[in-house]
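> Mind having a look at this structure? Questions to follow.
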Amino acid sequence: VSPLDSDRALPADPTTRAIAREIYGTTAGFPIVSMHGHVDAGLFVRDEPFPDPAELFIRPDHYLTRMLGSQRIGRAELGLPEDPAVPLPDPRRTWRLFCENWRLYRATPTRYWLEHILGDVFGTDTRPSAETADTLYDELASALARPEFRPTALLERFRIETLATTDGAADDLTGHAQLATADLSALVIPTFRPDALFAVSGAAWRAELDRLQAAVGREIGDLAGFLDALGERRLFFSAAGARATDHASVTADIAPLDGPTAAAVFARALAGEATAADEAAFVAHMLFEMARMSDIPVATEYTRGLRPVLEAFGHHPGLTFVVFTLDETSFSRELAPLAGVFPAMRLGAPWWFLDTPGGMRRFREAITDNAGFYNTSGFVDDTRAFCSIPARHDLSRRVDAGYLAQLVAEGRLPLDEAVETAADLAYNLPRETYPALTADAR
Amino acid sequence: VSPLDSDRALPADPTTRAIAREIYGTTAGFPIVSMHGHVDAGLFVRDEPFPDPAELFIRPDHYLTRMLGSQRIGRAELGLPEDPAVPLPDPRRTWRLFCENWRLYRATPTRYWLEHILGDVFGTDTRPSAETADTLYDELASALARPEFRPTALLERFRIETLATTDGAADDLTGHAQLATADLSALVIPTFRPDALFAVSGAAWRAELDRLQAAVGREIGDLAGFLDALGERRLFFSAAGARATDHASVTADIAPLDGPTAAAVFARALAGEATAADEAAFVAHMLFEMARMSDIPVATEYTRGLRPVLEAFGHHPGLTFVVFTLDETSFSRELAPLAGVFPAMRLGAPWWFLDTPGGMRRFREAITDNAGFYNTSGFVDDTRAFCSIPARHDLSRRVDAGYLAQLVAEGRLPLDEAVETAADLAYNLPRETYPALTADAR
Amino acid sequence: VSPLDSDRALPADPTTRAIAREIYGTTAGFPIVSMHGHVDAGLFVRDEPFPDPAELFIRPDHYLTRMLGSQRIGRAELGLPEDPAVPLPDPRRTWRLFCENWRLYRATPTRYWLEHILGDVFGTDTRPSAETADTLYDELASALARPEFRPTALLERFRIETLATTDGAADDLTGHAQLATADLSALVIPTFRPDALFAVSGAAWRAELDRLQAAVGREIGDLAGFLDALGERRLFFSAAGARATDHASVTADIAPLDGPTAAAVFARALAGEATAADEAAFVAHMLFEMARMSDIPVATEYTRGLRPVLEAFGHHPGLTFVVFTLDETSFSRELAPLAGVFPAMRLGAPWWFLDTPGGMRRFREAITDNAGFYNTSGFVDDTRAFCSIPARHDLSRRVDAGYLAQLVAEGRLPLDEAVETAADLAYNLPRETYPALTADAR
């Protein structure tokens with residue numbers, strides 16, 4: 001039994017809380033559909049016990065170590081080697097320093113995820129502190145050594161139904177192939193992320209191109225060959241179950257180049273002469289090319305310059321753009337109105353810095369007036385921290401239940417419709433947004 | 001008796017709700033003062049029965065059809081002819097498709113307005129759905145055929161005291177003239193909107209100028225003649241009861257041109273040679289000219305570049321700028337501080353995308369600290385959907401009651417002052433902002 | 001006994017209010033640590049009775065007079081002479097006009113501070129109005145004449161432990177020297193504000209430079225001499241107890257100039273030939289120089305261009321930047337993430353237009369997810385209105401108690417941690433942010 005407060009993150013007002021509790025009760029037990037994230041497929045192929053608590057929870061969590069750093073407790077003091085291959089010299093000391101500074105995390109999502117993990121996954125209500133650090137370390141380390149804490153066992157226990165990884169365009173997806181034939185409780189699928197191949201002015205581009213050439217088994221001599229190779233890789237990913245491509249962009253204007261200009265940029269790239277301006281133009285161009293190739297969802301992460309893409313592809317019947325942003329001010333002013341117009345666009349869940357109780361709530365408040373619920377993607381965790389996946393989905397269900405409960409309490413939505421909406425947000429919309437997940441399309 | 005929840009849109013917390021209910025109870029019955037909107041005066045001149053429910057509620061409502069479109073139910077599928085003169089081929093089918101997709105509107109203002117209309121105007125609590133679509137259609141169609149649902153009857157039933165329309169500068173206002181002598185329960189007044197005459201680089205400008213020439217009965221050969229004609233039309237509108245001019249602008253800098261430059265731009269316009277840059281400069285110039293002509297309110301709809309106008313006219317004793325924006329982030333940072341300085345400026349009500357329960361609440365939260373209540377315009381519905389006018393004013397009164405109730409509950413405002421403020425927001429401020437509405441100035 | 005509602009500004013929901021009341025109860029009695037403000041040290045040196053209520057509360061308060069002005073009650077009508085040396089011709093009339101317009105201040109911080117002062121400092125619950133204006137004037141005037149309302153008596157009664165003033169670089173700090181030997185209940189310390197010396201293109205710069213030359217007793221012939229003089233003045237301020245320098249900036253890019261360029265700009269300034277562009281570059285350069293000189297906190301007031309400074313000095317062990325902003329949209333998007341990374345940066349309290357119940361609450365909601373509580377400065381009042389200092393600190397403690405209470409009510413923070421956090425925000429963090437305030441460093 002979890003020692004966590006069963007009402008956590010539900011609204012404080014007793015009237016609203018009672019309604020929220022009722023709504024949340026209908027979604028709490030749903031399986032998890034994780035359509036975009038960064039867990040490595042190899043984790044389940046290897047299925048080894050997780051290392052100690054410091055290696056598992058502290059070392060890979062930038063949010064956690066960043067907060068310590070902001071208070072002048074740097075990586076060196078924490079005992080974190082720069083080289084990821086080098087094990088922690090003194091994991092217990094690292095853990096202790098973290099526990100001693102637990103107060104820094106008050107009201108942050110880092111604390112929320114960890115409390116959920118400690119309580120729900122490990123069943124402990126010990127509060128991290130200088131006094132409890134060692135006992136807690138022992139408690140967690142001993143649990144992690146048990147078979148029921150191996151990755152595939154947790155995958156089942158977490159009731160994860162689908163888990164999407166994120167993979168480079170040249171990746172051979174052997175991990176996914178092995179998992180496809182394994183007796184796994186979840187469907188683990190790749191996501192196609194070719195961004196590194198668009199960075200034509202960077203030092204690493206040539207190596208990326210070489211990997212792509214190796215993957216398709218031929219030399220790439222011009223832009224047409226490049227597009228062919230990308231198209232081939234997309235089919236390979238699609239056959240392995242991929243149902244989305246993923247792109248990040250911070251450029252302001254997304255616009256296609258004419259054919260000769262695009263070919264010339266690519267030729268300069270091959271000659272090692274592409275400039276930063278070439279790269280910006282090429283990235284913008286390739287986002288168009290990827291949309292043109294798509295009959296599957298494209299997860300984009302930009303807010304400006306969206307309109308040209310939407311005007312070209314926003315009514316395309318087989319395409320879904322899921323748009324994520326870090327700029328909350330764009331929600332009510334730009335994104336919700338766009339999502340409320342273009343059928344190919346859905347608003348992605350609050351993300352990165354906004355993946356918090358407050359951020360999730362502000363998202364609904366900012367966008368629902370104009371976009372409603374059914375132009376949103378449903379929850380996307382976007383995390384590499386496997387153990388935090390249930391915490392994130394659970395929080396999302398709680399915050400949505402609280403928002404819906406307020407609508408009910410204010411006489412703006414009947415309870416039965418709120419319950420149906422909660423189920424759609426938690427389960428149906430993520431499946432529908434990434435459509436091949438429906439049984440017939442697998 | 002309306003089947004609607006009498007507490008809808010009031011705060012959920014029982015303490016605050018009880019106070020909000022008391023405040024709202026004092027304003028709920030006030031007449032409606034609708035100082036800016038887009039209802040056509042001809043509606044009341046003709047006073048014909050409204051057509052069927054699909055023609056009345058679906059066809060003209062861009063918000064409603066846009067949401068269906070965002071879910072791939074386009075105008076063709078809805079059976080909406082592009083030509084507004086062509087009647088709906090199958091209104092019952094159109095209505096049915098809408099009812100089947102009622103869930104899309106959860107938590108949106110479209111739903112809020114329609115629920116209010118169904119419940120308060122038609123007295124039905126039937127929830128739109130595939131199952132109820134036909135019954136509901138029949139119920140509404142049969143009501144619409146009755147005399148008490150004709151436009152003038154509803155105008156009286158809605159307790160509308162004043163209704164401002166929006167009219168082009170060359171409009172002959174015959175509708176208003178007829179209404180002035182009719183036995184109407186409300187005062188229906190025009191608003192002067194000359195924007196089309198400032199678009200000097202557009203293809204339609206020449207025709208607009210021709211209409212203006214016809215209206216004043218003489219040729220316009222230069223800028224001075226143009227300004228004379230506009231001044232004459234303003235007097236004509238003023239005599240017909242107009243108490244505001246209305247301008248939209250998205251340009252960044254509002255600044256007057258010097259005389260020769262302005263005259264040269266106008267000469268190029270007459271020669272059919274004005275450029276887009278000419279137009280932008282001319283629009284900016286004309287906003288100054290209109291302010292100079294004014295002794296009546298100017299409703300502006302821009303946020304940037306406001307300062308030059310305010311520095312020139314912000315202390316003018318006979319002028320009121322009512323400023324509307326779609327950019328919520330400008331409320332606390334820019335607009336509230338400006339409104340808190342310049343006597344000629346009032347903050348318009350939350351508008352367009354922001355005309356929602358959440359938008360109205362956020363407006364008060366963002367601006368009241370700095371602008372208080374008395375630098376705001378009171379509620380402005382800005383709608384062309386006649387039947388939704390009571391819903392919009394009622395919601396505004398509820399949201400303001402909720403905001404005021406929180407101030408009371410937090411010990412920041414005594415109840416008697418909250419009640420007085422609610423009355424000012426609902427009734428006195430709109431009348432005062434458009435001052436000729438006071439008895440002596442009519 | 002104060003007639004004010006003891007629960008004012010605490011959350012309305014009874015569950016949350018009970019928790020908030022408990023948390024606030026633990027911080028309400030703490031001494032006030034006012035680490036940044038604009039009260040004049042001479043006020044306590046002279047220790048004269050405050051003048052009449054109009055001279056004390058109306059004349060110097062721009063917020064108060066601005067609101068009257070926005071409603072066409074200008075300074076002339078209020079009877080406020082432009083020359084600050086000229087006494088009010090009819091203070092009672094000025095006071096009466098203000099009281100008659102008390103409704104304008106509903107829900108504004110001006111009202112909140114004044115209600116607190118009337119209730120808590122003067123013990124009256126008379127509500128300002130046309131009817132009560134004269135009685136209230138007499139009541140306040142008679143209190144102000146009593147010894148217990150003199151500045152030093154109030155300083156003690158307000159439980160102010162530390163009060164920082166803001167002073168020009170050439171100031172001789174004689175007031176501070178006198179106070180240092182006086183039997184004062186509070187530590188009154190200066191803050192070094194050299195901004196006027198960076199405005200090299202302005203007409204007043206030469207006089208500022210002359211003052212600096214007089215203060216150091218030598219001529220300043222080049223940039224090196226200028227930096228020497230500033231450094232000397234900083235040591236002088238530091239010896240007088242200063243623990244911060246204060247800079248305002250609205251420029252976009254803060255970046256150091258190379259040595260010859262900086263020297264050339266300064267030479268142009270000495271020749272009276274510096275341009276506005278020179279000044280912008282010089283201000284940016286000097287912010288770097290000031291950071292380089294610092295082993296003490298620098299209070300900055302800009303949001304853009306922060307990154308270059310942080311990259312250069314953000315990990316400096318002996319430096320603290322406290323960053324204030326007026327742009328609320330930058331909190332969640334920019335400032336909280338930066339404060340969550342750079343140890344030298346702390347987020348200043350909500351400030352100026354944002355120093356309100358709503359602004360304080362939105363600040364916590366926007367920044368805590370990412371920055372936590374311990375990367376904030378604690379409360380800073382930044383006021384020149386001495387009598388409002390307790391009101392501001394008290395409101396801050398109430399709003400923070402309300403925010404923390406919500407975390408407790410939502411099961412996100414145990415009560416004991418909330419109480420500890422409240423104490424840190426109210427008392428420990430301001431002392432820690434300006435570190436020399438700890439006993440050993442005095």
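Convention: chains lettered A, B, ... in structure tokens order; per-chain residue numbering from 1; ligands numbered from 1 as shown.
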If we count only C-alpha atoms and set the cut-off at 10 Å, which residues sit around Glu417 (chain A), ignoring sequence neighbours fewer than 6 positions away in its own chain? Please answer as a list in words.
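Using only C-alpha atoms, the neighbours found are Leu404, Val408 and Ala423 of chain A; Arg103 and Arg106 of chain B.
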> Could those residues be written to a file, using C-alpha atoms, as a compact mmCIF listing (two decimals), in the first residue's frame?

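Now in selection-v8.txt:
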```txt
# COMPACT_ATOMS: atom_id res chain seq x y z
CA LEU A 404 -12.70 19.21 -14.99
CA VAL A 408 -18.51 20.67 -12.91
CA ALA A 423 -10.76 9.15 -20.07
CA ARG B 103 -18.45 17.10 -26.94
CA ARG B 106 -16.81 21.28 -23.71
```
> Do you know which residues are at most 10 Å from Thr329 (chain A) counting only C-alpha atoms, after dropping those on the same chain fewer than 5 positions away, and could you put them as a list in words?
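Listed by chain and then number, they are Glu334, Leu335 and Ala366 of chain A; Asp327, Glu328 and Thr329 of chain B; Thr329, Ser330, Ser332 and Arg333 of chain C.
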> Need the shell around Leu227 (chain C): protein/DNA/RNA residues with any atom at most 12 Å away, counting only C-alpha atoms. Skip same-chain ones fewer than 2 positions apart. Format as a PyMOL selection string?
chain C and resi 194+197-198+209+212-213+216+220-225+229-234+262-263+266+285-286+288-290+292-293
> Based on DSSP run over this structure's backbone, return all residues of region 30-133 of chain B in helix (DSSP H, G or I), as a PyMOL selection string.
chain B and resi 42-46+53-58+62-70+75-78+91-100+102-105+109-121+133
> From the options A:Ile160, A:Ala401, A:Ala274, A:Leu413, which residue's atoms come nearest to Thr16 (chain A), counting only C-alpha atoms?
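That would be A:Ala401, the residue with the smallest distance to Thr16 (chain A).
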> Could you pull out the residues in region 215-359 of chain B that DSSP calls strand (DSSP E) from the backbone, as a list in words?
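The strand (DSSP E) subset of region 215-359 of chain B is Thr245, Asp246, His247, Ala248, Val298, Ala299, Thr300, Glu301, Phe321, Val322, Val323, Met345, Arg346 and Leu347 of chain B.
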> Keeping only C-alpha atoms, take the residues you just selected and write them out as a PDB file, in the first residue's frame.

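Output below, filename result.pdb:
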```
ATOM      1  CA  THR B 245     -15.915  55.541 -33.958  1.00  0.00           C
ATOM      2  CA  ASP B 246     -14.296  52.136 -34.306  1.00  0.00           C
ATOM      3  CA  HIS B 247     -10.816  51.368 -35.669  1.00  0.00           C
ATOM      4  CA  ALA B 248      -8.750  48.235 -35.998  1.00  0.00           C
ATOM      5  CA  VAL B 298     -12.809  56.175 -30.287  1.00  0.00           C
ATOM      6  CA  ALA B 299     -12.728  52.402 -29.903  1.00  0.00           C
ATOM      7  CA  THR B 300      -9.292  51.256 -30.909  1.00  0.00           C
ATOM      8  CA  GLU B 301      -8.035  47.719 -31.219  1.00  0.00           C
ATOM      9  CA  PHE B 321      -9.973  55.861 -26.199  1.00  0.00           C
ATOM     10  CA  VAL B 322     -11.244  52.390 -25.380  1.00  0.00           C
ATOM     11  CA  VAL B 323      -8.399  49.976 -26.000  1.00  0.00           C
ATOM     12  CA  MET B 345      -7.832  55.935 -22.032  1.00  0.00           C
ATOM     13  CA  ARG B 346     -10.059  53.137 -20.792  1.00  0.00           C
ATOM     14  CA  LEU B 347      -9.346  49.456 -20.963  1.00  0.00           C
TER      15      LEU B 347
END
```
> Hey, list the chain C side of the contact with chain B: 7 Å cut-off, only C-alpha atoms, answer as a PDB file with N, CA, C and O atoms, in the first residue's frame.

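Heads up, here's the output in selection19.pdb:
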```
ATOM      1  N   ASP C   5      -9.237  43.123   9.580  1.00  0.00           N
ATOM      2  CA  ASP C   5      -9.557  41.697   9.540  1.00  0.00           C
ATOM      3  C   ASP C   5      -8.256  40.905   9.651  1.00  0.00           C
ATOM      4  O   ASP C   5      -7.351  41.063   8.830  1.00  0.00           O
ATOM      5  N   ASP C   7      -7.623  37.975   9.011  1.00  0.00           N
ATOM      6  CA  ASP C   7      -7.435  36.984   7.941  1.00  0.00           C
ATOM      7  C   ASP C   7      -7.260  37.605   6.559  1.00  0.00           C
ATOM      8  O   ASP C   7      -7.251  36.886   5.561  1.00  0.00           O
ATOM      9  N   ARG C   8      -7.124  38.944   6.506  1.00  0.00           N
ATOM     10  CA  ARG C   8      -7.095  39.554   5.173  1.00  0.00           C
ATOM     11  C   ARG C   8      -5.943  39.006   4.329  1.00  0.00           C
ATOM     12  O   ARG C   8      -4.876  38.691   4.836  1.00  0.00           O
ATOM     13  N   ALA C   9      -6.237  38.879   3.033  1.00  0.00           N
ATOM     14  CA  ALA C   9      -5.282  38.393   2.032  1.00  0.00           C
ATOM     15  C   ALA C   9      -4.898  36.927   2.213  1.00  0.00           C
ATOM     16  O   ALA C   9      -4.004  36.442   1.515  1.00  0.00           O
ATOM     17  N   LEU C  10      -5.566  36.236   3.115  1.00  0.00           N
ATOM     18  CA  LEU C  10      -5.372  34.780   3.174  1.00  0.00           C
ATOM     19  C   LEU C  10      -6.419  34.129   2.255  1.00  0.00           C
ATOM     20  O   LEU C  10      -7.460  34.713   1.977  1.00  0.00           O
ATOM     21  N   PRO C  11      -6.149  32.921   1.765  1.00  0.00           N
ATOM     22  CA  PRO C  11      -7.074  32.292   0.801  1.00  0.00           C
ATOM     23  C   PRO C  11      -8.488  32.157   1.378  1.00  0.00           C
ATOM     24  O   PRO C  11      -8.668  31.963   2.582  1.00  0.00           O
ATOM     25  N   ALA C  12      -9.486  32.239   0.502  1.00  0.00           N
ATOM     26  CA  ALA C  12     -10.873  32.230   0.943  1.00  0.00           C
ATOM     27  C   ALA C  12     -11.359  30.840   1.355  1.00  0.00           C
ATOM     28  O   ALA C  12     -12.116  30.698   2.310  1.00  0.00           O
ATOM     29  N   ASP C  13     -10.924  29.815   0.648  1.00  0.00           N
ATOM     30  CA  ASP C  13     -11.373  28.458   0.963  1.00  0.00           C
ATOM     31  C   ASP C  13     -11.038  28.106   2.412  1.00  0.00           C
ATOM     32  O   ASP C  13      -9.888  28.220   2.837  1.00  0.00           O
ATOM     33  N   ARG C  66      -1.433  59.505  -9.386  1.00  0.00           N
ATOM     34  CA  ARG C  66      -1.603  59.056 -10.767  1.00  0.00           C
ATOM     35  C   ARG C  66      -3.023  58.539 -10.988  1.00  0.00           C
ATOM     36  O   ARG C  66      -3.650  58.801 -12.011  1.00  0.00           O
ATOM     37  N   MET C  67      -3.529  57.784 -10.031  1.00  0.00           N
ATOM     38  CA  MET C  67      -4.878  57.245 -10.181  1.00  0.00           C
ATOM     39  C   MET C  67      -5.910  58.374 -10.216  1.00  0.00           C
ATOM     40  O   MET C  67      -6.840  58.351 -11.029  1.00  0.00           O
ATOM     41  N   GLY C  69      -5.290  61.373 -11.269  1.00  0.00           N
ATOM     42  CA  GLY C  69      -5.063  62.002 -12.571  1.00  0.00           C
ATOM     43  C   GLY C  69      -5.729  61.237 -13.703  1.00  0.00           C
ATOM     44  O   GLY C  69      -6.250  61.839 -14.646  1.00  0.00           O
ATOM     45  N   SER C  70      -5.712  59.902 -13.615  1.00  0.00           N
ATOM     46  CA  SER C  70      -6.325  59.092 -14.675  1.00  0.00           C
ATOM     47  C   SER C  70      -7.826  59.295 -14.721  1.00  0.00           C
ATOM     48  O   SER C  70      -8.481  58.910 -15.683  1.00  0.00           O
ATOM     49  N   GLN C  71      -8.373  59.896 -13.673  1.00  0.00           N
ATOM     50  CA  GLN C  71      -9.798  60.205 -13.653  1.00  0.00           C
ATOM     51  C   GLN C  71     -10.021  61.721 -13.736  1.00  0.00           C
ATOM     52  O   GLN C  71     -11.034  62.229 -13.257  1.00  0.00           O
ATOM     53  N   ARG C  72      -9.057  62.401 -14.336  1.00  0.00           N
ATOM     54  CA  ARG C  72      -9.128  63.844 -14.613  1.00  0.00           C
ATOM     55  C   ARG C  72      -9.108  64.721 -13.361  1.00  0.00           C
ATOM     56  O   ARG C  72      -9.612  65.838 -13.360  1.00  0.00           O
ATOM     57  N   LEU C 104     -11.922  54.769  -6.228  1.00  0.00           N
ATOM     58  CA  LEU C 104     -11.004  54.504  -7.341  1.00  0.00           C
ATOM     59  C   LEU C 104      -9.949  53.475  -6.971  1.00  0.00           C
ATOM     60  O   LEU C 104      -9.378  52.821  -7.836  1.00  0.00           O
ATOM     61  N   TYR C 105      -9.651  53.351  -5.691  1.00  0.00           N
ATOM     62  CA  TYR C 105      -8.542  52.512  -5.237  1.00  0.00           C
ATOM     63  C   TYR C 105      -8.952  51.093  -4.885  1.00  0.00           C
ATOM     64  O   TYR C 105      -8.124  50.301  -4.461  1.00  0.00           O
ATOM     65  N   ARG C 106     -10.237  50.796  -5.070  1.00  0.00           N
ATOM     66  CA  ARG C 106     -10.687  49.439  -4.745  1.00  0.00           C
ATOM     67  C   ARG C 106      -9.793  48.411  -5.437  1.00  0.00           C
ATOM     68  O   ARG C 106      -9.553  48.499  -6.630  1.00  0.00           O
ATOM     69  N   ALA C 107      -9.360  47.418  -4.673  1.00  0.00           N
ATOM     70  CA  ALA C 107      -8.546  46.300  -5.171  1.00  0.00           C
ATOM     71  C   ALA C 107      -7.144  46.696  -5.614  1.00  0.00           C
ATOM     72  O   ALA C 107      -6.438  45.880  -6.185  1.00  0.00           O
ATOM     73  N   THR C 108      -6.737  47.923  -5.356  1.00  0.00           N
ATOM     74  CA  THR C 108      -5.366  48.304  -5.717  1.00  0.00           C
ATOM     75  C   THR C 108      -4.459  48.223  -4.491  1.00  0.00           C
ATOM     76  O   THR C 108      -4.923  48.289  -3.347  1.00  0.00           O
ATOM     77  N   PRO C 109      -3.158  48.102  -4.715  1.00  0.00           N
ATOM     78  CA  PRO C 109      -2.235  48.083  -3.566  1.00  0.00           C
ATOM     79  C   PRO C 109      -2.232  49.399  -2.794  1.00  0.00           C
ATOM     80  O   PRO C 109      -2.048  49.383  -1.575  1.00  0.00           O
ATOM     81  N   LEU C 326       9.831  43.722 -14.505  1.00  0.00           N
ATOM     82  CA  LEU C 326       8.423  44.134 -14.604  1.00  0.00           C
ATOM     83  C   LEU C 326       7.671  43.284 -15.604  1.00  0.00           C
ATOM     84  O   LEU C 326       6.467  43.440 -15.779  1.00  0.00           O
ATOM     85  N   ASP C 327       8.380  42.390 -16.272  1.00  0.00           N
ATOM     86  CA  ASP C 327       7.750  41.601 -17.323  1.00  0.00           C
ATOM     87  C   ASP C 327       7.418  40.213 -16.790  1.00  0.00           C
ATOM     88  O   ASP C 327       8.241  39.315 -16.786  1.00  0.00           O
ATOM     89  N   THR C 329       5.876  37.830 -17.956  1.00  0.00           N
ATOM     90  CA  THR C 329       5.982  36.701 -18.873  1.00  0.00           C
ATOM     91  C   THR C 329       7.380  36.109 -18.877  1.00  0.00           C
ATOM     92  O   THR C 329       7.585  35.003 -19.351  1.00  0.00           O
ATOM     93  N   PHE C 353       5.113  47.642 -10.164  1.00  0.00           N
ATOM     94  CA  PHE C 353       3.731  47.339 -10.513  1.00  0.00           C
ATOM     95  C   PHE C 353       3.275  45.969 -10.006  1.00  0.00           C
ATOM     96  O   PHE C 353       2.086  45.674 -10.010  1.00  0.00           O
ATOM     97  N   THR C 356       1.889  43.522  -5.345  1.00  0.00           N
ATOM     98  CA  THR C 356       0.457  43.513  -5.052  1.00  0.00           C
ATOM     99  C   THR C 356       0.067  42.093  -4.636  1.00  0.00           C
ATOM    100  O   THR C 356       0.822  41.155  -4.891  1.00  0.00           O
ATOM    101  N   GLY C 358      -2.069  40.046  -5.967  1.00  0.00           N
ATOM    102  CA  GLY C 358      -2.080  39.183  -7.154  1.00  0.00           C
ATOM    103  C   GLY C 358      -0.694  38.976  -7.723  1.00  0.00           C
ATOM    104  O   GLY C 358      -0.322  37.864  -8.092  1.00  0.00           O
TER     105      GLY C 358
END
```
> Taking into account only C-alpha atoms, which residue in the set B:Arg211, B:Pro49, B:Ala349, B:Ala291 is nearest to Phe313 (chain B)?
B:Ala291
> Rounded to one decimal in Å, what is the spacing between CA of Thr191 (chain A) and CA of Ala242 (chain A)?
5.2 Å
> Between A:Leu4, A:Ala153, A:Leu187, A:Ala422, which has the minimum distance to Leu118 (chain A) (counting only C-alpha atoms)?
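When distances to Leu118 (chain A) are compared using only C-alpha atoms, the smallest one comes from A:Leu4.
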> Write out as a ChimeraX atom specification which residues come within 8 Å of region 177-179 of chain C when counting only C-alpha atoms, dropping same-chain ones fewer than 3 positions away.
/C:44-45,173-174,182-184,188,240
> Would you put the residues from that selection into a file with N, CA, C and O atoms, as a compact mmCIF listing (two decimals), in the first residue's frame?

```txt
# COMPACT_ATOMS: atom_id res chain seq x y z
N PHE C 44 15.54 59.89 9.93
CA PHE C 44 15.78 59.45 11.31
C PHE C 44 16.78 60.37 12.02
O PHE C 44 16.76 60.50 13.23
N VAL C 45 17.68 61.00 11.24
CA VAL C 45 18.61 61.96 11.84
C VAL C 45 17.81 63.14 12.40
O VAL C 45 17.98 63.52 13.55
N LEU C 173 27.32 60.30 2.99
CA LEU C 173 26.77 59.39 3.99
C LEU C 173 26.88 59.93 5.41
O LEU C 173 27.00 59.15 6.37
N THR C 174 26.80 61.27 5.53
CA THR C 174 26.87 61.82 6.90
C THR C 174 25.69 61.36 7.74
O THR C 174 25.83 61.09 8.93
N ALA C 182 24.04 56.79 16.92
CA ALA C 182 22.81 57.07 17.65
C ALA C 182 22.28 55.78 18.29
O ALA C 182 22.65 54.68 17.90
N ASP C 183 21.39 55.96 19.23
CA ASP C 183 20.81 54.79 19.90
C ASP C 183 19.56 54.34 19.14
O ASP C 183 18.45 54.52 19.59
N LEU C 184 19.79 53.79 17.97
CA LEU C 184 18.68 53.46 17.08
C LEU C 184 18.34 51.97 17.21
O LEU C 184 19.21 51.13 17.37
N VAL C 188 20.63 51.02 9.99
CA VAL C 188 20.31 51.73 8.74
C VAL C 188 21.58 51.78 7.90
O VAL C 188 22.58 52.37 8.32
N ALA C 240 30.75 51.90 5.47
CA ALA C 240 29.57 52.46 6.12
C ALA C 240 28.45 51.43 6.23
O ALA C 240 27.33 51.77 6.60
```
> Compare B:Thr94, B:Ser388, B:Thr124, B:Ser6 by their minimum atom-to-atom distance to Glu77 (chain B), counting only C-alpha atoms, and give me the closest one.
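Residue with the minimum atom-to-atom distance to Glu77 (chain B): B:Thr94.
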